[in-house]
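*Asks:* Below you'll find the structure I mean.
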Amino acid sequence: MTDAWLALEPGADPVERARALRRAHETFTEAGTVPRPVRAVVADSWRRSVRAGVGPDGTASVELMDGDLGAYRAEHPLSRVMPLVRELLGTFAADGEHLLAVCDAHGRLLWVEGHPATRRRAGRMNFVPGARWSESAVGTNAPGTAVAVGRPVQVFAAEHFIRRVQPWTCAAAPVHDPRTGRVLGAVDITGGDGLAHPHSLGFVQAVARAAESQLALLTPERSASEAAELTALGRDEALLSADGRRVRLSRRHSEIVVLLAHHPEGLTGDELLCALYEDETVPPVTLRAELARLRGILGPGRLASRPYRLTMPVESDTSVVERRLRAGAVTAAAAAYAGPLLPGSQAPAVGRLRRRLADGLRAALIACGDPDLLADWAHAPWGEDDLDVWRALAAVRPTAATSSRLAALESELAAPNPW
């Protein structure tokens with residue numbers, strides 16, 4: 001931890017520092033230049049905030065409420081270390097009239113706990129569970145910036161990009177998955193100027209490390225008997241990982257496994273025939289031959305009949321996207337979406353699944369209005385002609401390139417079809 005990540009140097013006057021930051025913030029929002037007193041980590045964050053379309057008078061929006069929030073929190077890996085985080089930070093937050101907050105990797109607040117009066121004050125700026133506090137949503141703030149840069153960070157007073165947050169000071173540190181190293185979220189302490197101290201940042205960083213250590217103890221090594229993994233998004237031939245093996249399936253076998261994974265209760269022969277073949281004259285013996293070959297690939301006892309079903313649990317990338325969409329985790333769903341489901345498949349049921357998944361995700365992206373997520377979709381091969389997404393992107397990020405592409409798409413749509 002270096003001084004560059006601290007909000008105040010030892011011995012600095014917080015009142016004078018706050019005044020200097022307010023002047024610097026006004027200079028930046030009016031002229032776009034960052035005066036010298038602003039730390040590099042904050043200056044970079046301000047620039048990212050502007051590129052994301054955040055305005056200094058904006059506010060956080062609540063994306064998850066009630067049952068959706070509860071379901072998402074219960075599934076999130078950080079729920080397993082919340083008792084430890086409360087034990088280490090809870091008393092400090094309550095006694096100091098601060099707040100303990102934990103967010104996910106996309107800056108969405110999952111837990112906000114602490115002094116009741118402070119919680120009520122924070123609630124007026126939507127610093128509440130379920131609200132999105134990523135940099136792309138509300139600009140510079142400790143939890144959002146910590147997950148953006150993957151480092152512990154303090155944010156003091158007018159270092160916050162949103163003006164209504166500038167009376168607050170916060171310190172946050174990211175929590176990483178001990179197995180993969182990816183950021184799971186961040187632990188944050190939010191309150192008054194008293195938090196603008198090196199000890200606050202060191203404390204929250206120590207709590208984050210303790211959480212990572214406990215996650216390592218709670219996360220057993222993966223065994224060969226666990227659920228098989230199916231990768232079928234953005235691929236014509238799915239990959240199936242099971243029993244320590246990774247098998248590349250043929251196109252027809254990919255379709256069968258995708259459908260059976262989607263229907264764990266099983267499908268009859270007639271149902272599978274209708275799901276796979278547009279031609280209703282295909283004889284059942286053709287399907288039985290494919291299933292026999294697939295049974296040999298999967299191994300004994302893995303494919304049952306009457307009805308046809310997989311006897312092993314299968315975790316597919318499709319189900320991951322669907323689960324995250326149901327939980328309202330749009331950013332996480334978009335990150336897991338590697339492309340259309342088996343894009344070359346002509347199987348009727350696969351086509352329906354493909355359209356349903358893509359339409360659900362693009363509708364969620366348009367609704368949330370995140371310019372980065374919309375741009376990722378619009379510039380992907382499957383989104384380059386998506387007029388609705390380009391319109392949504394132009395509304396939140398009206399650059400010359402976006403406007404030009406949107407005009408070209410609308411022109412193509414208005415032109416008569418020569419055929």
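We label chains A, B, ... in the order they appear in the structure tokens, count residues from 1 in each chain, and number ligands from 1 in the order shown.
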Name the residues of stretch 250-364 of chain A that fall into strand (DSSP E) according to DSSP on the backbone, using the chain letters and numbers of this document, as number ranges by chain.
*Replies:* A: 303-304, 309-310, 314-316
*Asks:* Keeping only C-alpha atoms, write those residues as a PDB file, in the first residue's frame.
*Replies:*
ATOM      1  CA  LEU A 303     -27.194 -41.490 -20.662  1.00  0.00           C
ATOM      2  CA  ALA A 304     -30.402 -43.143 -19.564  1.00  0.00           C
ATOM      3  CA  ARG A 309     -31.831 -38.049 -19.758  1.00  0.00           C
ATOM      4  CA  LEU A 310     -28.338 -37.343 -18.477  1.00  0.00           C
ATOM      5  CA  VAL A 314     -24.375 -30.626 -16.027  1.00  0.00           C
ATOM      6  CA  GLU A 315     -23.476 -26.964 -15.543  1.00  0.00           C
ATOM      7  CA  SER A 316     -23.712 -25.224 -18.916  1.00  0.00           C
TER       8      SER A 316
END
*Asks:* Within 12 Å of stretch 249-267 of chain A, which residues of stretch 347-403 of chain A show up? Give each one with its shortest atom-to-atom distance in Å (one decimal) and the two atoms involved, counting only C-alpha atoms, rows by chain then rising residue number, as a tab-separated table.
*Replies:*
residue	atom	partner	partner_atom	distance
A:Ala347	CA	A:Glu255	CA	7.4
A:Pro348	CA	A:Glu255	CA	10.2
A:Ala349	CA	A:Leu259	CA	7.7
A:Val350	CA	A:Glu255	CA	6.8
A:Gly351	CA	A:Glu255	CA	10.1
A:Arg352	CA	A:Leu259	CA	11.0
A:Leu353	CA	A:Leu259	CA	9.0
A:Arg354	CA	A:Val258	CA	10.8
*Asks:* Need to verify the contact set: A:Ile297, 12 Å, only C-alpha atoms, exclusion of same-chain residues closer than 2 positions in sequence. Can you return it as JSON, numbers by chain?
*Replies:* {"A": [240, 241, 242, 245, 246, 247, 248, 249, 250, 253, 254, 257, 290, 291, 292, 293, 294, 295, 299, 300, 301, 302, 303]}
*Asks:* Which one is closest to A:Val38: A:Leu78, A:Leu215, A:Leu109, A:Ala157? Count only C-alpha atoms.
*Replies:*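 Checking each of A:Leu78, A:Leu215, A:Leu109, A:Ala157 against A:Val38, counting only C-alpha atoms, the winner is A:Ala157.
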*Asks:* Let's see if you can do this: from backbone DSSP, list all helix (DSSP H, G or I) residues in stretch 290-367 of chain A, as a PyMOL selection string.
*Replies:* chain A and resi 290-298+317-326+330-336+348-367
*Asks:* Please indicate the distance in Å from atom CA of A:Ala232 to atom CA of A:Ala335, rounded to one decimal place.
*Replies:*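 Computing it gives 14.8 Å between the two atoms.
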*Asks:* Smallest atom-to-atom distance to A:Leu64: which of A:Ala122, A:Leu357, A:Ala363, A:Cys368, using only C-alpha atoms?
*Replies:*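 Counting only C-alpha atoms, the residue closest to A:Leu64 is A:Cys368.
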*Asks:* A:Thr268: which residues within 8 Å, counting only C-alpha atoms, same-chain residues fewer than 5 positions away excluded, as a PyMOL selection string?
*Replies:* chain A and resi 306-308
*Asks:* Mind writing the picked residues with all heavy atoms as a CSV table (one decimal), in the first residue's frame?
*Replies:*
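Dumped to result07.csv:
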chain,number,residue,atom,x,y,z
A,306,ARG,N,-35.9,-43.8,-21.6
A,306,ARG,CA,-37.3,-43.9,-21.1
A,306,ARG,C,-37.6,-43.1,-19.9
A,306,ARG,O,-37.9,-43.7,-18.8
A,306,ARG,CB,-37.7,-45.4,-21.0
A,306,ARG,CG,-37.6,-46.2,-22.2
A,306,ARG,CD,-38.0,-47.6,-22.0
A,306,ARG,NE,-37.8,-48.4,-23.2
A,306,ARG,CZ,-38.1,-49.7,-23.2
A,306,ARG,NH1,-38.5,-50.4,-22.1
A,306,ARG,NH2,-38.0,-50.4,-24.4
A,307,PRO,N,-37.5,-41.8,-19.9
A,307,PRO,CA,-37.1,-40.9,-21.1
A,307,PRO,C,-35.6,-40.8,-21.1
A,307,PRO,O,-34.8,-41.2,-20.2
A,307,PRO,CB,-37.7,-39.6,-20.7
A,307,PRO,CG,-37.7,-39.6,-19.2
A,307,PRO,CD,-37.9,-41.0,-18.8
A,308,TYR,N,-35.1,-40.2,-22.3
A,308,TYR,CA,-33.7,-40.0,-22.4
A,308,TYR,C,-33.3,-38.8,-21.5
A,308,TYR,O,-33.9,-37.8,-21.5
A,308,TYR,CB,-33.4,-39.6,-23.9
A,308,TYR,CG,-33.6,-40.7,-24.8
A,308,TYR,CD1,-34.6,-40.7,-25.7
A,308,TYR,CD2,-32.7,-41.8,-24.8
A,308,TYR,CE1,-34.8,-41.8,-26.6
A,308,TYR,CE2,-32.9,-42.9,-25.7
A,308,TYR,CZ,-33.9,-42.9,-26.6
A,308,TYR,OH,-34.1,-43.9,-27.5
*Asks:* Applying 7 Å and only C-alpha atoms, which residues near stretch 381-390 of chain A remain after dropping the ones on its own chain fewer than 3 positions away? List them as an NGL selection string.
*Replies:* :A and (366 or 374 or 377-378 or 393-394 or 406 or 409)
*Asks:* Which is closest to A:Gly32 among A:Val50, A:Leu272, A:Val15, A:Leu195, if we use only C-alpha atoms?
*Replies:*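 Closest residue, counting only C-alpha atoms: A:Val50.
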*Asks:* Tell me which of A:Ala400, A:Ala275, A:Leu233, A:Val320 sits closest to A:Gly344, counting only C-alpha atoms.
*Replies:* A:Leu233
